[in-house]
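Enquirer: If you scroll down you'll find the structure; I have some questions about it.
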Amino acid sequence: MIYDVVVIGGGPAGLAAAIKAHEEGGKVLILEQAEYLGGILQQCIHPGFGIHYLGEDLTGPEFASLFIEKVRSLNIPYILSAHVMKIEIMLPLAKKIQLIAPKGTKDIETKAIVYTAGAREKHGFEIGITGDRVSGIYTAGEAQSLMDLYGVMPGKRVLIVGSGDVGLIMARRLSLEGARVVGVVELMPYPGGLARNLVILRDFNIPLYLSHRVLEVHGRGRVERVKMARVNSKGKTIPGTERWIECDTLLISAGLVPDVRVLESLGIRIDPSTGGPVVNEFLETTAPGVFVAGNSLVINDLVDYAVEQGERAGMQAVRYAKNGGLPSMNWIPVEKGGNVRCVIPHYINGENEVILYLRARKPVKDATLVTGKKMHKIPVVTPAEMLRVKIKKEDITRPFKVEVSP
Amino acid sequence: MSIRVTIVGGGIVGASIARVLSRYENLKVHIIEKMSDVGWGVSKANTALIHGGYDDDPQKYPLRASLCVKGNRLWQKWVKDLEIPHVWSGALIIALQNEDIKHLSTLLERGIRNGVPEMRLVEKEELQALQPGIASEATGALYVPTVGQIASPRATVAIIENAVKNGVKIHLETEVQGIKVSDGEVKGIQTPRGFMESDVVINAAGLYADEISRMVGLDYFTLRPRKGEYLIYRHGIPGPTRVLFPTPTPKSKGIIVTTEVGGHLMIGPNAQDMERDEKDNLATTEEGLKEVLQGARKLWPGIPDRGVIRTFAGLRPEPPNGDFIIRAEEVWGFINVAGIRSPGLTSAPAIGYFVRDILRRDLGLKLVPKRRWYPRRRDITRIAAIPDAQRDRKIRARSEYGQVICRCNHITKGEILDAVERMKYINVKTPSIDSVKFRTGATSGECQGSFCMVRIAMLLAQEYGVPLWNVTLKGPGSELGIGDINSLRREKK
């Protein structure tokens with residue numbers, strides 16, 4: 001059996017890709033690492049999913065179940081607890097995926113791959129927290145899975161590192177269950193979460209420490225106190241501003257990193273600014289027939305975007321499989337101008353309407369987003385909120401530069 | 001008549017002594033360990049090197065000098081018999097300045113005197129060929145092909161399992177409260193779990209060996225903890241193919257750069273002398289880690305600013321005169337094995353035999369070899385590391401071997417369940433993540449457990465029949481939760 005498209009990762013992006021690829025007439029298989037489909041959505045029991053894509057406000061599991069039911073009703077095959085050991089590209093139309101799965105090892109052959117394995121969380125060691133290694137230090141996702149998949153209360157007095165969405169949502173979750181969140185510590189001079197999540201801090205009376213970082217943990221078996229300090233504009237600790245905060249739990253919500261180790265081992269080019277692969281507007285990587293979507297491509301704020309990318313990648317993967325490759329093109333690189341931290345895709349062709357996803361470096365009020373010759377007025381731009389813009393074919397220029405200016 | 005031998009301390013040294021003594025019919029060997037698993041003290045956090053034996057001056061440190069070389073030879077057999085993960089990569093001791101070269105010649109001569117085989121000096125050109133990527137300032141090196149690396153906490157586990165198989169009894173979470181001596185002879189050990197009659201007490205208590213020694217009135221030495229900090233990098237950041245040392249100073253072998261057994265670039269340690277009462281201070285420090293990075297870059301300039309996945313600190317028990325203290329004391333039956341600092345891991349198997357010889361020579365005990373002694377121990381099968389056909393057979397026999405839990409290191413549910421079985425085999429009472437980690441490698445990859453830790457905890461909870469929140473990170477006092485999800489709201493009502 002040779003598949004047209006194998007989707008690696010059965011989260012929202014992967015499910016959307018598989019459904020789209022199936023609808024386009026492709027022979028599709030989904031591989032999922034966990035024992036269930038739906039990915040990280042299954043532990044996100046809060047609402048806020050699907051507002052853009054469906055015009056409905058759903059919880060994570062509700063949103064996931066819509067896609068899972070669709071996959072089942074279309075009879076798209078999937079393998080659970082399927083761990084990808086290795087991908088081998090033997091020919092442009094022959095890719096071998098080596099699996100470990102409960103039914104044995106398996107080599108799966110496919111023409112195209114859509115890689116949607118998601119992201120992993122940055123942990124305390126990566127953000128330079130020193131001190132004792134004790135229990136009570138969790139990534140936000142770990143705490144979320146402890147609480148909402150396994151029904152365990154991780155602690156009583158919690159300090160949260162990072163004011164991104166996951167950290168804020170966990171602040172609310174912990175507060176609702178009776179824990180005291182003693183603060184949220186943010187390295188940057190502005191908060192990292194979406195505006196709709198920042199109200200959580202006010203709702204539960206949680207102090208936000210901007211331009212601060214956590215330095216050190218102290219404890220014997222468990223966290224007893226945590227040292228934090230103010231930082232200057234370069235992120236360096238300002239001496240004399242250190243202070244200890246009593247708590248028994250330290251939650252790390254310092255951002256996500258696309259999980260692309262399998263792709264790296266294929267020699268696929270990675271963009272340091274997104275942590276994900278370099279792609280063209282078909283979301284195809286530098287390896288022909290390997291497409292990427294969702295948080296493996298770029299860290300998205302909204303599941304809606306992950307789904308949109310999944311659909312695009314799924315559609316193009318079938319086109320690749322059916323036509324023996326995608327047409328050769330004279331690609332236009334998307335250049336990053338002022339105040340643009342990252343932008344997806346990296347190459348566009350000027351023959352289609354294209355969606356750009358980008359993030360600014362610094363917050364700007366009354367901003368102008370310049371894409372090629374076109375200007376878009378945006379009231380507030382913050383690094384926390386990913387910008388998504390549709391560019392019409394006629395507005396694409398060569399060269400093509402993207403810039404956020406005041 | 002059988003002789004009751006109690007070893008205080010289930011670290012690499014206690015374990016090695018127990019394994020050697022388990023060969024004899026007339027010894028009843030017990031190990032007592034205060035922590036909830038073996039190998040969690042000094043043996044856990046160190047550079048995990050099997051040293052060559054050139055560094056120890058035989059005039060100043062005769063025990064270190066002779067036991068290190070013997071230990072290296074013994075490890076080459078023990079890693080095979082006990083299936084301990086290892087790589088024998090060899091080492092390069094790097095000269096960065098002209099006076100270093102002179103020092104390397106001294107080390108070569110010392111190595112020759114200590115009986116270290118296959119060493120030689122290497123000039124700049126050959127060095128660059130032997131180790132591409134090395135600092136261009138390196139002017140030469142001493143090449144020591146016999147230096148190896150092992151997975152050190154796993155080594156203690158392996159040795160203990162083999163010792164237990166050969167009849168050694170192990171008592172975890174058992175602290176020594178006192179040692180009874182009468183008529184100048186050891187009688188036994190008082191513990192919270194009762195009095196253990198003993199004819200021989202071997203003090204292998206690591207950092208706390210001075211305190212154990214004081215319990216029989218011997219206070220002629222004091223151990224000072226010396227802290228060393230380390231950094232480990234993600235896969236994909238290149239490390240050297242050989243262990244790189246700077247030219248040593250009188251105090252330490254210096255900050256080394258290596259690709260450890262798991263394949264990650266590892267650098268460290270620095271050497272920070274601590275106060276006597278800081279024997280549990282395993283905290284990493286910003287300054288210390290900075291010092292390690294700066295030191296390591298002198299040898300291996302390509303280390304990036306990003307890519308650290310783990311930092312840790314270990315403590316070494318520094319004896320007053322620098323040499324190991326291994327001797328039968330005037331209290332009959334009491335043997336000190338103390339101050340086992342570097343190269344303690346390397347020396348451990350040789351210390352086992354040395355202690356056996358003390359039993360024979362100094363205590364005059366006649367040891368009767370067992371007719372049947374099991375030299376081998378099988379490691380947990382690494383599903384990801386075996387050939388495809390064998391892997392497929394394993395999975396078809398037991399589907400848990402086909403369910404990967406630790407994504408980073410490809411470790412399956414079956415391997416984790418095997419680890420739990422091994423924990424129970426040596427009477428680990430408190431389920432902990434670290435016990436699984438040091439038997440399988442799970443949670444030690446790039447994500448540091450953020451994907452798998454909770455799932456491993458769930459397996460431990462099921463297998464030990466405890467609620468998930470009572471599973472610990474590293475023994476009692478490090479429980480993962482405070483209760484079920486409703487516990488705080490219940491409390492408030």
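In the structure tokens, chains take the letters A, B, ... in the order shown, each chain's residues start at 1, and ligands count up from 1 in the order shown.
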Identify, on the basis of only C-alpha atoms, every residue whose closest approach to Asp165 of chain A does not exceed 10 Å; exclude the query and any residue fewer than 4 positions from it along the same chain; express the result as number ranges by chain.
Expert: A: 169-171, 191-198, 253, 255, 301, 384
Enquirer: How would the residues just chosen look if you wrote them out with N, CA, C and O atoms as a PDB file, in the first residue's frame?
Expert:
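Below is the file part_2.pdb, written as the result:
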ATOM      1  N   ILE A 169      -4.176  31.242  31.193  1.00  0.00           N
ATOM      2  CA  ILE A 169      -5.292  30.294  31.313  1.00  0.00           C
ATOM      3  C   ILE A 169      -5.077  29.394  32.530  1.00  0.00           C
ATOM      4  O   ILE A 169      -6.013  29.082  33.271  1.00  0.00           O
ATOM      5  N   MET A 170      -3.827  29.015  32.771  1.00  0.00           N
ATOM      6  CA  MET A 170      -3.540  28.195  33.956  1.00  0.00           C
ATOM      7  C   MET A 170      -3.715  29.002  35.244  1.00  0.00           C
ATOM      8  O   MET A 170      -4.093  28.457  36.283  1.00  0.00           O
ATOM      9  N   ALA A 171      -3.430  30.300  35.170  1.00  0.00           N
ATOM     10  CA  ALA A 171      -3.646  31.155  36.349  1.00  0.00           C
ATOM     11  C   ALA A 171      -5.121  31.110  36.738  1.00  0.00           C
ATOM     12  O   ALA A 171      -5.476  30.988  37.914  1.00  0.00           O
ATOM     13  N   PRO A 191       2.823  42.582  28.339  1.00  0.00           N
ATOM     14  CA  PRO A 191       2.354  41.212  28.552  1.00  0.00           C
ATOM     15  C   PRO A 191       2.347  40.393  27.274  1.00  0.00           C
ATOM     16  O   PRO A 191       2.275  40.946  26.170  1.00  0.00           O
ATOM     17  N   GLY A 192       2.414  39.072  27.417  1.00  0.00           N
ATOM     18  CA  GLY A 192       2.554  38.196  26.256  1.00  0.00           C
ATOM     19  C   GLY A 192       1.279  37.564  25.762  1.00  0.00           C
ATOM     20  O   GLY A 192       1.277  36.930  24.717  1.00  0.00           O
ATOM     21  N   GLY A 193       0.174  37.730  26.488  1.00  0.00           N
ATOM     22  CA  GLY A 193      -1.052  37.024  26.118  1.00  0.00           C
ATOM     23  C   GLY A 193      -2.008  37.867  25.304  1.00  0.00           C
ATOM     24  O   GLY A 193      -1.829  39.079  25.153  1.00  0.00           O
ATOM     25  N   LEU A 194      -3.037  37.223  24.770  1.00  0.00           N
ATOM     26  CA  LEU A 194      -4.087  37.921  24.060  1.00  0.00           C
ATOM     27  C   LEU A 194      -4.875  38.775  25.045  1.00  0.00           C
ATOM     28  O   LEU A 194      -5.029  38.412  26.208  1.00  0.00           O
ATOM     29  N   ALA A 195      -5.395  39.890  24.555  1.00  0.00           N
ATOM     30  CA  ALA A 195      -6.139  40.812  25.422  1.00  0.00           C
ATOM     31  C   ALA A 195      -7.258  40.088  26.176  1.00  0.00           C
ATOM     32  O   ALA A 195      -7.487  40.320  27.354  1.00  0.00           O
ATOM     33  N   ARG A 196      -7.925  39.167  25.479  1.00  0.00           N
ATOM     34  CA  ARG A 196      -9.057  38.503  26.118  1.00  0.00           C
ATOM     35  C   ARG A 196      -8.634  37.636  27.303  1.00  0.00           C
ATOM     36  O   ARG A 196      -9.455  37.305  28.154  1.00  0.00           O
ATOM     37  N   ASN A 197      -7.357  37.236  27.323  1.00  0.00           N
ATOM     38  CA  ASN A 197      -6.877  36.437  28.451  1.00  0.00           C
ATOM     39  C   ASN A 197      -6.267  37.296  29.558  1.00  0.00           C
ATOM     40  O   ASN A 197      -6.162  36.852  30.699  1.00  0.00           O
ATOM     41  N   LEU A 198      -5.851  38.508  29.217  1.00  0.00           N
ATOM     42  CA  LEU A 198      -5.216  39.367  30.230  1.00  0.00           C
ATOM     43  C   LEU A 198      -6.211  39.787  31.321  1.00  0.00           C
ATOM     44  O   LEU A 198      -5.813  40.090  32.437  1.00  0.00           O
ATOM     45  N   SER A 253       5.700  29.020  31.774  1.00  0.00           N
ATOM     46  CA  SER A 253       4.924  29.219  30.552  1.00  0.00           C
ATOM     47  C   SER A 253       5.728  30.174  29.682  1.00  0.00           C
ATOM     48  O   SER A 253       5.363  31.308  29.457  1.00  0.00           O
ATOM     49  N   GLY A 255       6.756  29.884  26.574  1.00  0.00           N
ATOM     50  CA  GLY A 255       6.666  29.792  25.126  1.00  0.00           C
ATOM     51  C   GLY A 255       6.841  28.368  24.623  1.00  0.00           C
ATOM     52  O   GLY A 255       7.224  27.472  25.359  1.00  0.00           O
ATOM     53  N   ASP A 301      -1.428  31.575  17.770  1.00  0.00           N
ATOM     54  CA  ASP A 301      -2.218  31.935  18.951  1.00  0.00           C
ATOM     55  C   ASP A 301      -3.552  31.201  18.930  1.00  0.00           C
ATOM     56  O   ASP A 301      -4.147  30.946  19.968  1.00  0.00           O
ATOM     57  N   ALA A 384       2.347  39.708  21.014  1.00  0.00           N
ATOM     58  CA  ALA A 384       1.512  38.622  21.513  1.00  0.00           C
ATOM     59  C   ALA A 384       0.498  38.165  20.481  1.00  0.00           C
ATOM     60  O   ALA A 384       0.083  37.017  20.487  1.00  0.00           O
TER      61      ALA A 384
END
Enquirer: Compute the set of chain B residues within 6 Å of chain A, using only C-alpha atoms, and express it as a PyMOL selection string.
Expert: chain B and resi 283-285+308-310+392+395-396+399+402-403+450+473+477-478+481-485+488-489
Enquirer: Listing only residues of segment 178-241 of chain B within 8 Å of segment 36-57 of chain B, what is the closest atom pair and its distance in Å (to one decimal) for each, using only C-alpha atoms, sorted by chain and residue number ascending, as a Markdown table?
Expert:
| residue | atom | partner | partner_atom | distance |
| --- | --- | --- | --- | --- |
| B:Gly206 | CA | B:Val42 | CA | 6.5 |
| B:Leu207 | CA | B:Val42 | CA | 7.2 |
| B:Gly228 | CA | B:Asn46 | CA | 7.8 |
Enquirer: Can you pull out the residues contacting Ala321 of chain A? Cut-off 7 Å, using only C-alpha atoms, and skip same-chain residues under 4 positions away; I want them as a PyMOL selection string.
Expert: chain A and resi 4+111-112+317+325
Enquirer: Write the residues you've just listed into a file as a PDB file, in the first residue's frame, and include all heavy atoms for each of them.
Expert:
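Output file part00.pdb is given in full below:
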ATOM      1  N   ASP A   4      -1.014   8.408  -0.668  1.00  0.00           N
ATOM      2  CA  ASP A   4      -0.724   9.705  -1.286  1.00  0.00           C
ATOM      3  C   ASP A   4      -0.174  10.642  -0.223  1.00  0.00           C
ATOM      4  O   ASP A   4       0.806  11.341  -0.437  1.00  0.00           O
ATOM      5  CB  ASP A   4      -2.000  10.305  -1.889  1.00  0.00           C
ATOM      6  CG  ASP A   4      -2.465   9.535  -3.112  1.00  0.00           C
ATOM      7  OD1 ASP A   4      -1.595   9.106  -3.901  1.00  0.00           O
ATOM      8  OD2 ASP A   4      -3.685   9.338  -3.249  1.00  0.00           O
ATOM      9  N   LYS A 111       3.693   9.106  -0.829  1.00  0.00           N
ATOM     10  CA  LYS A 111       4.251  10.057  -1.796  1.00  0.00           C
ATOM     11  C   LYS A 111       4.516  11.408  -1.132  1.00  0.00           C
ATOM     12  O   LYS A 111       5.518  12.049  -1.401  1.00  0.00           O
ATOM     13  CB  LYS A 111       3.283  10.221  -2.973  1.00  0.00           C
ATOM     14  CG  LYS A 111       3.162   8.949  -3.800  1.00  0.00           C
ATOM     15  CD  LYS A 111       2.127   9.104  -4.907  1.00  0.00           C
ATOM     16  CE  LYS A 111       1.967   7.783  -5.657  1.00  0.00           C
ATOM     17  NZ  LYS A 111       0.716   7.773  -6.435  1.00  0.00           N
ATOM     18  N   ALA A 112       3.596  11.820  -0.276  1.00  0.00           N
ATOM     19  CA  ALA A 112       3.752  13.126   0.384  1.00  0.00           C
ATOM     20  C   ALA A 112       3.513  12.980   1.885  1.00  0.00           C
ATOM     21  O   ALA A 112       2.849  12.037   2.329  1.00  0.00           O
ATOM     22  CB  ALA A 112       2.780  14.137  -0.205  1.00  0.00           C
ATOM     23  N   ALA A 317      -0.559  18.753  -0.628  1.00  0.00           N
ATOM     24  CA  ALA A 317       0.108  17.447  -0.565  1.00  0.00           C
ATOM     25  C   ALA A 317      -0.541  16.487  -1.560  1.00  0.00           C
ATOM     26  O   ALA A 317       0.153  15.721  -2.232  1.00  0.00           O
ATOM     27  CB  ALA A 317       0.030  16.896   0.853  1.00  0.00           C
ATOM     28  N   GLY A 325       4.706  16.012  -8.193  1.00  0.00           N
ATOM     29  CA  GLY A 325       5.441  17.188  -7.732  1.00  0.00           C
ATOM     30  C   GLY A 325       4.646  18.441  -8.027  1.00  0.00           C
ATOM     31  O   GLY A 325       3.662  18.393  -8.768  1.00  0.00           O
TER      32      GLY A 325
END
Enquirer: Write out as a list in words each polymer residue whose atoms come within 6 Å of Pro61 of chain A, counting only C-alpha atoms; drop sequence neighbours fewer than 3 positions from it.
Expert: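 Within the cut-off, the hits are Leu41, Gln42, Ala64 and Ser65 of chain A.
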Enquirer: Quick one: everything within 10 Å of Val200 of chain B, counting only C-alpha atoms, minus sequence neighbours fewer than 2 positions away in the same chain. Send it as a PyMOL selection string.
Expert: chain B and resi 3-7+27+29+185-188+197-198+202-203+328+332-335+359+363
Enquirer: Taking N, CA, C and O atoms for each residue, export the selection above as a PDB file, in the first residue's frame.
Expert:
ATOM      1  N   ILE B   3      29.445 -14.689  58.515  1.00  0.00           N
ATOM      2  CA  ILE B   3      29.855 -13.378  59.031  1.00  0.00           C
ATOM      3  C   ILE B   3      28.885 -12.343  58.489  1.00  0.00           C
ATOM      4  O   ILE B   3      28.631 -12.308  57.277  1.00  0.00           O
ATOM      5  N   ARG B   4      28.324 -11.525  59.398  1.00  0.00           N
ATOM      6  CA  ARG B   4      27.350 -10.521  58.967  1.00  0.00           C
ATOM      7  C   ARG B   4      28.070  -9.225  58.631  1.00  0.00           C
ATOM      8  O   ARG B   4      28.700  -8.615  59.502  1.00  0.00           O
ATOM      9  N   VAL B   5      27.980  -8.822  57.384  1.00  0.00           N
ATOM     10  CA  VAL B   5      28.640  -7.602  56.911  1.00  0.00           C
ATOM     11  C   VAL B   5      27.565  -6.584  56.554  1.00  0.00           C
ATOM     12  O   VAL B   5      26.667  -6.893  55.778  1.00  0.00           O
ATOM     13  N   THR B   6      27.633  -5.398  57.139  1.00  0.00           N
ATOM     14  CA  THR B   6      26.694  -4.353  56.757  1.00  0.00           C
ATOM     15  C   THR B   6      27.455  -3.204  56.095  1.00  0.00           C
ATOM     16  O   THR B   6      28.415  -2.679  56.664  1.00  0.00           O
ATOM     17  N   ILE B   7      27.010  -2.875  54.905  1.00  0.00           N
ATOM     18  CA  ILE B   7      27.622  -1.752  54.175  1.00  0.00           C
ATOM     19  C   ILE B   7      26.708  -0.554  54.343  1.00  0.00           C
ATOM     20  O   ILE B   7      25.509  -0.637  54.047  1.00  0.00           O
ATOM     21  N   LEU B  27      29.734 -14.953  53.834  1.00  0.00           N
ATOM     22  CA  LEU B  27      29.417 -13.554  54.160  1.00  0.00           C
ATOM     23  C   LEU B  27      27.924 -13.323  53.945  1.00  0.00           C
ATOM     24  O   LEU B  27      27.374 -13.703  52.907  1.00  0.00           O
ATOM     25  N   VAL B  29      25.721 -10.324  53.423  1.00  0.00           N
ATOM     26  CA  VAL B  29      25.959  -8.902  53.140  1.00  0.00           C
ATOM     27  C   VAL B  29      24.638  -8.126  53.092  1.00  0.00           C
ATOM     28  O   VAL B  29      23.690  -8.540  52.416  1.00  0.00           O
ATOM     29  N   GLU B 185      34.915  -3.878  69.648  1.00  0.00           N
ATOM     30  CA  GLU B 185      34.429  -4.555  68.438  1.00  0.00           C
ATOM     31  C   GLU B 185      33.086  -3.993  68.028  1.00  0.00           C
ATOM     32  O   GLU B 185      32.259  -3.672  68.877  1.00  0.00           O
ATOM     33  N   VAL B 186      32.868  -3.948  66.718  1.00  0.00           N
ATOM     34  CA  VAL B 186      31.571  -3.538  66.199  1.00  0.00           C
ATOM     35  C   VAL B 186      30.538  -4.623  66.478  1.00  0.00           C
ATOM     36  O   VAL B 186      30.832  -5.814  66.323  1.00  0.00           O
ATOM     37  N   LYS B 187      29.334  -4.189  66.919  1.00  0.00           N
ATOM     38  CA  LYS B 187      28.290  -5.184  67.203  1.00  0.00           C
ATOM     39  C   LYS B 187      27.089  -5.050  66.263  1.00  0.00           C
ATOM     40  O   LYS B 187      26.380  -6.023  66.029  1.00  0.00           O
ATOM     41  N   GLY B 188      26.854  -3.843  65.819  1.00  0.00           N
ATOM     42  CA  GLY B 188      25.696  -3.685  64.931  1.00  0.00           C
ATOM     43  C   GLY B 188      25.304  -2.239  64.759  1.00  0.00           C
ATOM     44  O   GLY B 188      25.949  -1.325  65.283  1.00  0.00           O
ATOM     45  N   GLU B 197      22.298  -6.560  63.722  1.00  0.00           N
ATOM     46  CA  GLU B 197      23.550  -7.137  64.232  1.00  0.00           C
ATOM     47  C   GLU B 197      24.540  -7.286  63.091  1.00  0.00           C
ATOM     48  O   GLU B 197      24.183  -7.756  62.017  1.00  0.00           O
ATOM     49  N   SER B 198      25.774  -6.880  63.358  1.00  0.00           N
ATOM     50  CA  SER B 198      26.782  -6.949  62.299  1.00  0.00           C
ATOM     51  C   SER B 198      28.147  -7.254  62.905  1.00  0.00           C
ATOM     52  O   SER B 198      28.503  -6.709  63.949  1.00  0.00           O
ATOM     53  N   ILE B 202      30.993  -1.645  57.026  1.00  0.00           N
ATOM     54  CA  ILE B 202      31.811  -0.942  56.032  1.00  0.00           C
ATOM     55  C   ILE B 202      31.146   0.401  55.766  1.00  0.00           C
ATOM     56  O   ILE B 202      29.998   0.469  55.338  1.00  0.00           O
ATOM     57  N   ASN B 203      31.888   1.447  56.039  1.00  0.00           N
ATOM     58  CA  ASN B 203      31.354   2.800  55.935  1.00  0.00           C
ATOM     59  C   ASN B 203      31.619   3.358  54.536  1.00  0.00           C
ATOM     60  O   ASN B 203      32.706   3.833  54.246  1.00  0.00           O
ATOM     61  N   ALA B 328      40.973  -0.705  57.692  1.00  0.00           N
ATOM     62  CA  ALA B 328      40.368  -1.312  58.874  1.00  0.00           C
ATOM     63  C   ALA B 328      40.790  -0.459  60.054  1.00  0.00           C
ATOM     64  O   ALA B 328      41.982  -0.178  60.236  1.00  0.00           O
ATOM     65  N   TRP B 332      37.504  -3.053  66.010  1.00  0.00           N
ATOM     66  CA  TRP B 332      37.549  -4.256  65.169  1.00  0.00           C
ATOM     67  C   TRP B 332      36.253  -4.410  64.382  1.00  0.00           C
ATOM     68  O   TRP B 332      35.153  -4.327  64.942  1.00  0.00           O
ATOM     69  N   GLY B 333      36.385  -4.650  63.108  1.00  0.00           N
ATOM     70  CA  GLY B 333      35.210  -4.868  62.272  1.00  0.00           C
ATOM     71  C   GLY B 333      34.724  -3.612  61.585  1.00  0.00           C
ATOM     72  O   GLY B 333      33.836  -3.675  60.742  1.00  0.00           O
ATOM     73  N   PHE B 334      35.268  -2.448  61.924  1.00  0.00           N
ATOM     74  CA  PHE B 334      34.832  -1.206  61.289  1.00  0.00           C
ATOM     75  C   PHE B 334      35.828  -0.804  60.209  1.00  0.00           C
ATOM     76  O   PHE B 334      37.020  -0.624  60.484  1.00  0.00           O
ATOM     77  N   ILE B 335      35.326  -0.670  59.007  1.00  0.00           N
ATOM     78  CA  ILE B 335      36.196  -0.310  57.885  1.00  0.00           C
ATOM     79  C   ILE B 335      35.699   0.995  57.284  1.00  0.00           C
ATOM     80  O   ILE B 335      34.530   1.123  56.907  1.00  0.00           O
ATOM     81  N   LEU B 359      39.421  -7.464  54.506  1.00  0.00           N
ATOM     82  CA  LEU B 359      38.731  -8.480  55.317  1.00  0.00           C
ATOM     83  C   LEU B 359      39.651  -9.678  55.557  1.00  0.00           C
ATOM     84  O   LEU B 359      39.750 -10.200  56.658  1.00  0.00           O
ATOM     85  N   LEU B 363      41.458  -8.239  58.956  1.00  0.00           N
ATOM     86  CA  LEU B 363      40.536  -8.843  59.920  1.00  0.00           C
ATOM     87  C   LEU B 363      40.776 -10.346  60.049  1.00  0.00           C
ATOM     88  O   LEU B 363      40.190 -11.008  60.903  1.00  0.00           O
TER      89      LEU B 363
END
Enquirer: Quick one: distance from atom CA of Val380 of chain A to atom CA of Val340 of chain A in Å, one decimal?
Expert: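 Between these atoms lies a distance of 14.4 Å.
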Enquirer: Neighbours of segment 124-131 of chain B within 9 Å (only C-alpha atoms; same-chain residues fewer than 5 positions away dropped), as a list in words?
Expert: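 Final neighbour list, sorted by chain and number: Leu92, Ile94, Ser136, Ala138, Thr139, Gly140, Ala141, Tyr143, Pro240, Thr241 and Arg242 of chain B.
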Enquirer: Do you know which residues are at most 9 Å from Leu293 of chain B counting only C-alpha atoms, after dropping those on the same chain fewer than 2 positions away, and could you put them as a count of residues only?
Expert: 14
Enquirer: Enumerate the residues of segment 436-471 of chain B with a DSSP assignment of alpha helix (DSSP H), computed from the backbone, and present them as a list in words.
Expert: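 These are the residues in question: Val436, Lys437, Phe438, Arg439, Thr440, Met453, Val454, Arg455, Ile456, Ala457, Met458, Leu459, Leu460, Ala461, Gln462, Glu463 and Tyr464 of chain B.
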Enquirer: With only C-alpha atoms as the basis for distance, which of A:Gly39, A:Gly14, A:Gly289, A:Pro277 is at the shortest distance from Leu91 of chain A?
Expert: A:Gly289
Enquirer: Which residue, A:Trp244, A:Tyr115, A:Tyr347, A:Phe49, has the smallest gap to Gly276 of chain A when you use only C-alpha atoms?
Expert: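 Among A:Trp244, A:Tyr115, A:Tyr347, A:Phe49, it is A:Tyr115 that comes nearest to Gly276 of chain A.
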Enquirer: Could you state the separation of atom CA of Glu281 of chain A and atom CA of Pro258 of chain A in Å, given to one decimal place?
Expert: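 Answer for the atom CA of Glu281 of chain A to atom CA of Pro258 of chain A separation: 18.6 Å.
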Enquirer: Work out how far atom CA of Thr285 of chain A is from atom CA of Pro345 of chain A, in Å to one decimal.
Expert: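 Result for atom CA of Pro345 of chain A versus atom CA of Thr285 of chain A: 10.0 Å, one decimal.
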Enquirer: If you run DSSP over the backbone, which residues in segment 90-194 of chain B end up strand (DSSP E or B)? Put them as an NGL selection string.
Expert: :B and (91-95 or 120-123 or 140-144 or 148-150 or 169-171 or 178-182 or 185-191 or 194)
